[in-house]
Structure formats: structure tokens, C-alpha cells
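Q: One structure is given below, represented as C-alpha cells, and several questions about it will come after.
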Amino acid sequence: MGRFASTVGLYEELRPPYPPAFFATVAQNLNLSKQHALIDLGTGPGLLALGFGAYVGRITGVDPEPEMLAAARAAAARQGQALTLIEGRAEDLGAEIGRFDLVTIGRALHWMDEAALGPLFRRLAAADGVIAVCASFPAQDGRNAWLDAYSTARRAWSDPKLWTESRRGERAHRELASVLTGSGFHAAETIAVETAHEVGVARLARRLLTFSSSSPAALGDRMDAMLADVEQRLSRFAREGTLTEVVVSTAQIARRD
């Protein structure tokens, strides 16, 4: 079983959403059209691939987790969207896969071999193709008053080794220019869209189950205790059991040097 197998049923439902405005804004900025092809690396349940489906002509998703691919396949069927899925590591894709106008990566960059990124991107991206490293996360500028308490709880309940790995993920996104050094690509621009929505305290607590460091598999019989603790920590910020969450969705665009 892969590290995310126990999170499949929760990931699509509970992770901070990519809003429709995000996909529309990125598509407009990149002048996407039905003549373009997209490949999503570490596609998970297909959130990015399917979100961009209305703006490109062909989408492909790659993931090593069979359960995630099954979720992506089901989501594509619900949306009536054609989606080609490949089980395996992105780094193992050969030249026969072809080239794509847009290569997207969500919260999967840190699971990939940085030394392999340059050859992989050069292999996958068309001559004028771009890489979009995407993320959607709660705004960290104080507008989410509950976030510090939430982050403290997440760390307290996380497996220490897996927590360290998750920090690598944040670094990879924060320091993308450094990650791309020597790859033949450079960070050219960032497209950001902000949205706000109401989220229940219980739902926000359950979101912790979607992270590898605090997944049901990592927590085992501590899961209910974790959920109760997080809900208690968040309750002082809530009104009638709900919180306002300001979400920032970003696409860091990398282009060839």
C-alpha cells in the first residue's frame, strides 16, 4: 500500500479547493485552447487535470497510487471528461509519451527526484510549452486567525519523519527558482487567485487526515483523539461551528531558459 492509499476517500473532498476562477485565470494568462495538450504529474484524484479539462483538448494524468487513479477515473466519468491515466512515477515516463503544451504539478513536486526534473521537463514540454507548479492553501497573512492553532495541532499529531518530508514540500514550492536550477527552466511568473468560503470545524479537523504525516494509516487508533483535539483547539475561533477560510490558489509558471 502506498503512503497516500488511506487518504484517497478524503483528499478530493477535504483539501483546500482550486476554485473555478483559478482555472479560468490561468487558462486566460497562458492562452490555452482546445489545440493544447496537458499532462498532470502526481495527479491524485485528478483535481488539476480535470479542472483544466474545459480549457485544453487533451488531458493525461500520472500517479503511482492505483487508488488515486481509480478516484480520478471516477471523477472524470462523473464530469463526462476524457482523461488518459498512467500508473507509475513521472520520472519513469519515456519519450514515447509525447510532448505537452502544459505540464502541471500540484503538491507532488517534493516527492519527485529533483535531479530528474530537468530531463523530465525537457522530455515532456513542447518547444514553447510551460510547467505550472500549482498549490492551494490557506492565506498565511493573518486573515485566517485559526491557522496557527491548526498548524500547531497538525505538527503535534504528525509522524515526525513524515512531518519532515511534508516540510520539504513547502520548501519546494516556496523556493521553486532554486529547485529549477540547472533544469533548463526558470520560474517566470506566478498567477494567484484568492477566494473565501465557510468551512465547518469538524471538516477542517478531518482535513488533517489527507496529509501523509497525519493520515489514518499514520495515526492508527489515535485518529479519533486527534480529531477531538483539533476541533477543541479550533472551537474558540468558530461561530456556530464554522470558520471563514481565505484560500490562495497559485500557479508558478516555469519556462525554458
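Convention: chains lettered A, B, ... in C-alpha cells order; per-chain residue numbering from 1; ligands numbered from 1 as shown.
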For range 88-133 of chain A versus range 34-44 of chain A, which residues have an atom no more than 6 Å away, and what is each residue's nearest atom pair and distance in Å rounded to one decimal, using only C-alpha atoms, chain-then-number order, as a tab-separated table?

A:
```
residue	atom	partner	partner_atom	distance
A:Phe100	CA	A:Ala37	CA	5.2
A:Asp101	CA	A:Ala37	CA	5.4
A:Leu102	CA	A:Leu38	CA	4.7
A:Val103	CA	A:Ile39	CA	5.0
A:Thr104	CA	A:Asp40	CA	4.7
A:Ile105	CA	A:Leu41	CA	5.2
A:Ala108	CA	A:Gly42	CA	5.5
```

Q: Which parts of range 120-241 of chain A does DSSP call strand (DSSP E) when run on the backbone here, written out as a PDB file with N, CA, C and O atoms, in the first residue's frame?

A:
```pdb
ATOM      1  N   ALA A 125       7.825  18.755 -22.110  1.00  0.00           N
ATOM      2  CA  ALA A 125       7.316  20.059 -22.552  1.00  0.00           C
ATOM      3  C   ALA A 125       7.615  20.289 -24.026  1.00  0.00           C
ATOM      4  O   ALA A 125       8.728  20.068 -24.497  1.00  0.00           O
ATOM      5  N   ALA A 126       6.605  20.731 -24.748  1.00  0.00           N
ATOM      6  CA  ALA A 126       6.788  21.120 -26.145  1.00  0.00           C
ATOM      7  C   ALA A 126       7.755  22.303 -26.214  1.00  0.00           C
ATOM      8  O   ALA A 126       8.096  22.913 -25.194  1.00  0.00           O
ATOM      9  N   ALA A 127       8.182  22.629 -27.427  1.00  0.00           N
ATOM     10  CA  ALA A 127       9.185  23.687 -27.604  1.00  0.00           C
ATOM     11  C   ALA A 127       8.776  24.978 -26.898  1.00  0.00           C
ATOM     12  O   ALA A 127       9.607  25.657 -26.285  1.00  0.00           O
ATOM     13  N   ASP A 128       7.498  25.329 -26.980  1.00  0.00           N
ATOM     14  CA  ASP A 128       7.023  26.532 -26.312  1.00  0.00           C
ATOM     15  C   ASP A 128       6.102  26.188 -25.138  1.00  0.00           C
ATOM     16  O   ASP A 128       5.317  27.012 -24.681  1.00  0.00           O
ATOM     17  N   GLY A 129       6.227  24.952 -24.644  1.00  0.00           N
ATOM     18  CA  GLY A 129       5.404  24.517 -23.523  1.00  0.00           C
ATOM     19  C   GLY A 129       5.905  25.075 -22.201  1.00  0.00           C
ATOM     20  O   GLY A 129       7.047  25.527 -22.080  1.00  0.00           O
ATOM     21  N   VAL A 130       5.032  25.054 -21.185  1.00  0.00           N
ATOM     22  CA  VAL A 130       5.379  25.593 -19.874  1.00  0.00           C
ATOM     23  C   VAL A 130       5.049  24.572 -18.787  1.00  0.00           C
ATOM     24  O   VAL A 130       4.243  23.665 -18.983  1.00  0.00           O
ATOM     25  N   ILE A 131       5.687  24.767 -17.643  1.00  0.00           N
ATOM     26  CA  ILE A 131       5.415  23.988 -16.443  1.00  0.00           C
ATOM     27  C   ILE A 131       4.608  24.867 -15.501  1.00  0.00           C
ATOM     28  O   ILE A 131       4.931  26.059 -15.331  1.00  0.00           O
ATOM     29  N   ALA A 132       3.564  24.333 -14.892  1.00  0.00           N
ATOM     30  CA  ALA A 132       2.792  25.075 -13.891  1.00  0.00           C
ATOM     31  C   ALA A 132       2.797  24.283 -12.588  1.00  0.00           C
ATOM     32  O   ALA A 132       2.214  23.201 -12.505  1.00  0.00           O
ATOM     33  N   VAL A 133       3.496  24.801 -11.593  1.00  0.00           N
ATOM     34  CA  VAL A 133       3.545  24.176 -10.269  1.00  0.00           C
ATOM     35  C   VAL A 133       2.468  24.840  -9.428  1.00  0.00           C
ATOM     36  O   VAL A 133       2.547  26.038  -9.118  1.00  0.00           O
ATOM     37  N   CYS A 134       1.450  24.076  -9.079  1.00  0.00           N
ATOM     38  CA  CYS A 134       0.233  24.647  -8.501  1.00  0.00           C
ATOM     39  C   CYS A 134       0.067  24.260  -7.027  1.00  0.00           C
ATOM     40  O   CYS A 134       0.511  23.203  -6.588  1.00  0.00           O
ATOM     41  N   ALA A 135      -0.594  25.129  -6.301  1.00  0.00           N
ATOM     42  CA  ALA A 135      -0.904  24.862  -4.900  1.00  0.00           C
ATOM     43  C   ALA A 135      -2.135  25.663  -4.506  1.00  0.00           C
ATOM     44  O   ALA A 135      -2.428  26.706  -5.105  1.00  0.00           O
ATOM     45  N   SER A 136      -2.848  25.163  -3.506  1.00  0.00           N
ATOM     46  CA  SER A 136      -3.986  25.880  -2.949  1.00  0.00           C
ATOM     47  C   SER A 136      -3.893  25.730  -1.437  1.00  0.00           C
ATOM     48  O   SER A 136      -3.841  24.609  -0.924  1.00  0.00           O
ATOM     49  N   PHE A 137      -3.843  26.851  -0.716  1.00  0.00           N
ATOM     50  CA  PHE A 137      -3.542  26.786   0.707  1.00  0.00           C
ATOM     51  C   PHE A 137      -4.193  27.968   1.430  1.00  0.00           C
ATOM     52  O   PHE A 137      -4.482  29.009   0.820  1.00  0.00           O
ATOM     53  N   PRO A 138      -4.423  27.834   2.742  1.00  0.00           N
ATOM     54  CA  PRO A 138      -4.973  28.958   3.499  1.00  0.00           C
ATOM     55  C   PRO A 138      -4.003  30.126   3.521  1.00  0.00           C
ATOM     56  O   PRO A 138      -2.790  29.942   3.673  1.00  0.00           O
ATOM     57  N   PHE A 185      14.896  25.230 -17.129  1.00  0.00           N
ATOM     58  CA  PHE A 185      13.689  26.031 -16.973  1.00  0.00           C
ATOM     59  C   PHE A 185      13.907  27.031 -15.845  1.00  0.00           C
ATOM     60  O   PHE A 185      14.724  26.826 -14.953  1.00  0.00           O
ATOM     61  N   HIS A 186      13.160  28.130 -15.889  1.00  0.00           N
ATOM     62  CA  HIS A 186      13.248  29.130 -14.834  1.00  0.00           C
ATOM     63  C   HIS A 186      11.848  29.564 -14.433  1.00  0.00           C
ATOM     64  O   HIS A 186      10.911  29.519 -15.241  1.00  0.00           O
ATOM     65  N   ALA A 187      11.698  29.975 -13.179  1.00  0.00           N
ATOM     66  CA  ALA A 187      10.420  30.480 -12.687  1.00  0.00           C
ATOM     67  C   ALA A 187      10.167  31.853 -13.296  1.00  0.00           C
ATOM     68  O   ALA A 187      10.928  32.797 -13.044  1.00  0.00           O
ATOM     69  N   ALA A 188       9.131  31.964 -14.101  1.00  0.00           N
ATOM     70  CA  ALA A 188       8.909  33.181 -14.877  1.00  0.00           C
ATOM     71  C   ALA A 188       7.858  34.105 -14.271  1.00  0.00           C
ATOM     72  O   ALA A 188       7.994  35.333 -14.329  1.00  0.00           O
ATOM     73  N   GLU A 189       6.809  33.539 -13.696  1.00  0.00           N
ATOM     74  CA  GLU A 189       5.728  34.360 -13.156  1.00  0.00           C
ATOM     75  C   GLU A 189       4.874  33.504 -12.238  1.00  0.00           C
ATOM     76  O   GLU A 189       4.924  32.266 -12.286  1.00  0.00           O
ATOM     77  N   THR A 190       4.096  34.160 -11.404  1.00  0.00           N
ATOM     78  CA  THR A 190       3.147  33.469 -10.534  1.00  0.00           C
ATOM     79  C   THR A 190       1.757  34.039 -10.758  1.00  0.00           C
ATOM     80  O   THR A 190       1.571  35.267 -10.727  1.00  0.00           O
ATOM     81  N   ILE A 191       0.807  33.159 -10.997  1.00  0.00           N
ATOM     82  CA  ILE A 191      -0.593  33.547 -11.159  1.00  0.00           C
ATOM     83  C   ILE A 191      -1.307  33.153  -9.868  1.00  0.00           C
ATOM     84  O   ILE A 191      -1.232  31.989  -9.451  1.00  0.00           O
ATOM     85  N   ALA A 192      -1.973  34.107  -9.221  1.00  0.00           N
ATOM     86  CA  ALA A 192      -2.616  33.843  -7.935  1.00  0.00           C
ATOM     87  C   ALA A 192      -4.074  34.282  -7.958  1.00  0.00           C
ATOM     88  O   ALA A 192      -4.410  35.330  -8.520  1.00  0.00           O
ATOM     89  N   VAL A 193      -4.918  33.472  -7.352  1.00  0.00           N
ATOM     90  CA  VAL A 193      -6.344  33.780  -7.230  1.00  0.00           C
ATOM     91  C   VAL A 193      -6.746  33.542  -5.777  1.00  0.00           C
ATOM     92  O   VAL A 193      -6.437  32.489  -5.210  1.00  0.00           O
ATOM     93  N   GLU A 194      -7.405  34.518  -5.165  1.00  0.00           N
ATOM     94  CA  GLU A 194      -7.865  34.386  -3.782  1.00  0.00           C
ATOM     95  C   GLU A 194      -9.374  34.205  -3.742  1.00  0.00           C
ATOM     96  O   GLU A 194     -10.108  34.860  -4.483  1.00  0.00           O
ATOM     97  N   THR A 195      -9.815  33.328  -2.865  1.00  0.00           N
ATOM     98  CA  THR A 195     -11.240  33.117  -2.632  1.00  0.00           C
ATOM     99  C   THR A 195     -11.466  32.933  -1.137  1.00  0.00           C
ATOM    100  O   THR A 195     -10.511  32.711  -0.381  1.00  0.00           O
ATOM    101  N   ALA A 196     -12.705  33.027  -0.711  1.00  0.00           N
ATOM    102  CA  ALA A 196     -13.049  32.797   0.694  1.00  0.00           C
ATOM    103  C   ALA A 196     -14.324  31.973   0.770  1.00  0.00           C
ATOM    104  O   ALA A 196     -15.218  32.119  -0.067  1.00  0.00           O
ATOM    105  N   HIS A 197     -14.387  31.097   1.748  1.00  0.00           N
ATOM    106  CA  HIS A 197     -15.579  30.282   1.944  1.00  0.00           C
ATOM    107  C   HIS A 197     -15.690  29.906   3.414  1.00  0.00           C
ATOM    108  O   HIS A 197     -14.738  30.047   4.181  1.00  0.00           O
ATOM    109  N   GLU A 198     -16.872  29.444   3.798  1.00  0.00           N
ATOM    110  CA  GLU A 198     -17.089  28.970   5.162  1.00  0.00           C
ATOM    111  C   GLU A 198     -16.794  27.473   5.222  1.00  0.00           C
ATOM    112  O   GLU A 198     -17.164  26.724   4.320  1.00  0.00           O
ATOM    113  N   VAL A 199     -16.127  27.055   6.293  1.00  0.00           N
ATOM    114  CA  VAL A 199     -15.798  25.648   6.463  1.00  0.00           C
ATOM    115  C   VAL A 199     -16.086  25.244   7.904  1.00  0.00           C
ATOM    116  O   VAL A 199     -15.791  25.985   8.840  1.00  0.00           O
ATOM    117  N   GLY A 200     -16.687  24.067   8.065  1.00  0.00           N
ATOM    118  CA  GLY A 200     -17.010  23.589   9.393  1.00  0.00           C
ATOM    119  C   GLY A 200     -15.772  23.163  10.157  1.00  0.00           C
ATOM    120  O   GLY A 200     -14.796  22.677   9.570  1.00  0.00           O
TER     121      GLY A 200
END
```

Q: Could you work out how far CA of Phe211 in chain A lies from CA of Asp224 in chain A, giving the answer in Å with one decimal?

A: 15.7 Å

Q: Might you pull out every residue within 7 Å of range 145-160 of chain A, with only C-alpha atoms counted and same-chain residues fewer than 6 positions away left off, and present them as a list in words?

A: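 Once the adjacent positions are removed, what remains is Leu208, Ser213, Ser214, Ala218, Met226, Val230, Arg233, Leu234 and Phe237 of chain A.
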
Q: If we count only C-alpha atoms and set the cut-off at 8 Å, which residues sit around Ala82 in chain A, ignoring sequence neighbours fewer than 2 positions away in its own chain? Please answer as a VMD selection string.

A: chain A and resid 58 to 59 76 to 77 80 84

Q: Output N, CA and C atoms of each residue in that selection to a file, as a PDB file, in the first residue's frame.

A:
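Result saved to out_10.pdb:
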```pdb
ATOM      1  N   ARG A  58      -6.745  17.880 -24.676  1.00  0.00           N
ATOM      2  CA  ARG A  58      -6.380  16.521 -24.263  1.00  0.00           C
ATOM      3  C   ARG A  58      -5.689  16.586 -22.904  1.00  0.00           C
ATOM      4  N   ILE A  59      -6.113  15.710 -21.963  1.00  0.00           N
ATOM      5  CA  ILE A  59      -5.502  15.693 -20.635  1.00  0.00           C
ATOM      6  C   ILE A  59      -5.059  14.280 -20.278  1.00  0.00           C
ATOM      7  N   ALA A  76     -13.617  11.707 -13.512  1.00  0.00           N
ATOM      8  CA  ALA A  76     -13.713  12.013 -14.939  1.00  0.00           C
ATOM      9  C   ALA A  76     -15.019  11.499 -15.517  1.00  0.00           C
ATOM     10  N   ALA A  77     -15.436  10.317 -15.083  1.00  0.00           N
ATOM     11  CA  ALA A  77     -16.702   9.748 -15.562  1.00  0.00           C
ATOM     12  C   ALA A  77     -17.880  10.612 -15.120  1.00  0.00           C
ATOM     13  N   GLY A  80     -17.984  13.565 -17.322  1.00  0.00           N
ATOM     14  CA  GLY A  80     -18.051  13.304 -18.756  1.00  0.00           C
ATOM     15  C   GLY A  80     -16.818  13.789 -19.483  1.00  0.00           C
ATOM     16  N   THR A  84      -6.853  10.379 -19.927  1.00  0.00           N
ATOM     17  CA  THR A  84      -5.928   9.254 -20.028  1.00  0.00           C
ATOM     18  C   THR A  84      -5.130   9.169 -18.740  1.00  0.00           C
TER      19      THR A  84
END
```

Q: Kindly indicate which residue among A:Arg143, A:Arg123, A:Arg222, A:Lys161 lies nearest to Ile97 in chain A, using only C-alpha atoms for the distances.

A: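 So, comparing all the options, the nearest one is A:Arg123.
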
Q: Range 18-174 of chain A: which residues are helix (DSSP H, G or I) by DSSP, as an NGL selection string?

A: :A and (20-30 or 47-51 or 66-79 or 90-92 or 95-97 or 109-111 or 114-124 or 147-157 or 160-174)

Q: Could you save the residues just selected, with C-alpha atoms, as a PDB file, in the first residue's frame?

A:
```pdb
ATOM      1  CA  PRO A  20     -13.218  27.653 -10.987  1.00  0.00           C
ATOM      2  CA  ALA A  21     -11.788  31.177 -11.171  1.00  0.00           C
ATOM      3  CA  PHE A  22      -8.288  29.758 -10.733  1.00  0.00           C
ATOM      4  CA  PHE A  23      -8.507  27.543 -13.802  1.00  0.00           C
ATOM      5  CA  ALA A  24     -10.121  30.292 -15.864  1.00  0.00           C
ATOM      6  CA  THR A  25      -7.464  32.828 -14.864  1.00  0.00           C
ATOM      7  CA  VAL A  26      -4.540  30.504 -15.591  1.00  0.00           C
ATOM      8  CA  ALA A  27      -6.090  29.455 -18.908  1.00  0.00           C
ATOM      9  CA  GLN A  28      -6.524  33.085 -19.923  1.00  0.00           C
ATOM     10  CA  ASN A  29      -2.985  34.042 -18.924  1.00  0.00           C
ATOM     11  CA  LEU A  30      -1.492  31.097 -20.842  1.00  0.00           C
ATOM     12  CA  LEU A  47      -8.160  17.806  -9.330  1.00  0.00           C
ATOM     13  CA  LEU A  48      -5.819  19.806 -11.573  1.00  0.00           C
ATOM     14  CA  ALA A  49      -6.188  17.710 -14.706  1.00  0.00           C
ATOM     15  CA  LEU A  50      -9.977  17.809 -14.638  1.00  0.00           C
ATOM     16  CA  GLY A  51     -10.072  21.450 -13.587  1.00  0.00           C
ATOM     17  CA  PRO A  66      -3.702   2.850  -8.069  1.00  0.00           C
ATOM     18  CA  GLU A  67      -6.374   4.002  -5.619  1.00  0.00           C
ATOM     19  CA  MET A  68      -5.800   7.637  -6.563  1.00  0.00           C
ATOM     20  CA  LEU A  69      -6.094   6.770 -10.246  1.00  0.00           C
ATOM     21  CA  ALA A  70      -9.360   4.979  -9.542  1.00  0.00           C
ATOM     22  CA  ALA A  71     -10.677   8.139  -7.877  1.00  0.00           C
ATOM     23  CA  ALA A  72      -9.540  10.244 -10.856  1.00  0.00           C
ATOM     24  CA  ARG A  73     -11.206   7.811 -13.257  1.00  0.00           C
ATOM     25  CA  ALA A  74     -14.484   8.021 -11.320  1.00  0.00           C
ATOM     26  CA  ALA A  75     -14.337  11.834 -11.187  1.00  0.00           C
ATOM     27  CA  ALA A  76     -13.713  12.013 -14.939  1.00  0.00           C
ATOM     28  CA  ALA A  77     -16.702   9.748 -15.562  1.00  0.00           C
ATOM     29  CA  ARG A  78     -18.929  11.946 -13.397  1.00  0.00           C
ATOM     30  CA  GLN A  79     -17.852  15.007 -15.372  1.00  0.00           C
ATOM     31  CA  ALA A  90       6.567  10.651 -13.533  1.00  0.00           C
ATOM     32  CA  GLU A  91      10.346  10.264 -13.642  1.00  0.00           C
ATOM     33  CA  ASP A  92       9.927   6.941 -15.439  1.00  0.00           C
ATOM     34  CA  ALA A  95       9.943   9.890 -24.805  1.00  0.00           C
ATOM     35  CA  GLU A  96       7.148   7.779 -26.282  1.00  0.00           C
ATOM     36  CA  ILE A  97       4.644   9.634 -24.080  1.00  0.00           C
ATOM     37  CA  LEU A 109       6.907  18.183  -6.507  1.00  0.00           C
ATOM     38  CA  HIS A 110       8.754  17.227  -3.305  1.00  0.00           C
ATOM     39  CA  TRP A 111       8.076  13.518  -3.866  1.00  0.00           C
ATOM     40  CA  GLU A 114      14.989  16.889  -8.151  1.00  0.00           C
ATOM     41  CA  ALA A 115      17.931  15.641 -10.213  1.00  0.00           C
ATOM     42  CA  ALA A 116      15.475  14.098 -12.675  1.00  0.00           C
ATOM     43  CA  LEU A 117      13.321  17.205 -13.117  1.00  0.00           C
ATOM     44  CA  GLY A 118      15.406  18.828 -15.866  1.00  0.00           C
ATOM     45  CA  PRO A 119      15.476  15.791 -18.171  1.00  0.00           C
ATOM     46  CA  LEU A 120      11.819  15.078 -17.384  1.00  0.00           C
ATOM     47  CA  PHE A 121      10.626  18.598 -18.160  1.00  0.00           C
ATOM     48  CA  ARG A 122      12.691  18.796 -21.338  1.00  0.00           C
ATOM     49  CA  ARG A 123      11.245  15.453 -22.403  1.00  0.00           C
ATOM     50  CA  LEU A 124       7.621  16.362 -21.685  1.00  0.00           C
ATOM     51  CA  LEU A 147      -4.319  28.891  11.260  1.00  0.00           C
ATOM     52  CA  ASP A 148      -1.551  28.987  13.881  1.00  0.00           C
ATOM     53  CA  ALA A 149      -3.558  26.795  16.256  1.00  0.00           C
ATOM     54  CA  TYR A 150      -4.338  24.449  13.402  1.00  0.00           C
ATOM     55  CA  SER A 151      -0.715  24.171  12.303  1.00  0.00           C
ATOM     56  CA  THR A 152       0.395  23.535  15.892  1.00  0.00           C
ATOM     57  CA  ALA A 153      -2.141  20.721  16.171  1.00  0.00           C
ATOM     58  CA  ARG A 154      -1.060  19.247  12.869  1.00  0.00           C
ATOM     59  CA  ARG A 155       2.553  19.107  13.954  1.00  0.00           C
ATOM     60  CA  ALA A 156       1.664  17.690  17.378  1.00  0.00           C
ATOM     61  CA  TRP A 157      -0.200  14.752  15.838  1.00  0.00           C
ATOM     62  CA  PRO A 160       7.952  13.130  12.960  1.00  0.00           C
ATOM     63  CA  LYS A 161       9.630  11.593   9.915  1.00  0.00           C
ATOM     64  CA  LEU A 162       6.656  12.225   7.651  1.00  0.00           C
ATOM     65  CA  TRP A 163       6.314  15.753   9.061  1.00  0.00           C
ATOM     66  CA  THR A 164       9.878  16.495   7.975  1.00  0.00           C
ATOM     67  CA  GLU A 165       9.076  15.214   4.495  1.00  0.00           C
ATOM     68  CA  SER A 166       5.992  17.436   4.309  1.00  0.00           C
ATOM     69  CA  ARG A 167       8.138  20.477   5.180  1.00  0.00           C
ATOM     70  CA  ARG A 168      10.239  19.610   2.137  1.00  0.00           C
ATOM     71  CA  GLY A 169       7.084  20.011   0.075  1.00  0.00           C
ATOM     72  CA  GLU A 170       6.505  23.541   1.289  1.00  0.00           C
ATOM     73  CA  ARG A 171      10.159  24.387   0.627  1.00  0.00           C
ATOM     74  CA  ALA A 172       9.967  23.043  -2.922  1.00  0.00           C
ATOM     75  CA  HIS A 173       7.051  25.374  -3.682  1.00  0.00           C
ATOM     76  CA  ARG A 174       8.495  28.334  -1.792  1.00  0.00           C
TER      77      ARG A 174
END
```

Q: Report, in Å with one decimal, the straight-line distance from CA of Gln232 in chain A to CA of Pro17 in chain A.

A: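 We find that CA of Gln232 in chain A and CA of Pro17 in chain A lie 23.9 Å from each other.
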
Q: For Thr60 in chain A, which residue among A:Thr250, A:Gly98, A:Ser33, A:Val179 is the nearest when counting only C-alpha atoms?

A: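 Looking at the shortest contact to Thr60 in chain A, the residue is A:Gly98.
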
Q: Just checking: using only C-alpha atoms, which residue out of A:Tyr55, A:Asn31, A:Glu65, A:Ser183 ends up closest to Asp113 in chain A?

A: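 When distances to Asp113 in chain A are compared using only C-alpha atoms, the smallest one comes from A:Ser183.
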
Q: A:Leu180, A:Val56, A:Val201, A:Leu83: which is nearest Ala238 in chain A, counting only C-alpha atoms?

A: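 Checking each of A:Leu180, A:Val56, A:Val201, A:Leu83 against Ala238 in chain A, counting only C-alpha atoms, the winner is A:Val201.
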
Q: If I take CA of Leu243 in chain A and CA of Pro16 in chain A, how far is one from the other in Å, to one decimal?

A: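 A separation of 13.5 Å between them.
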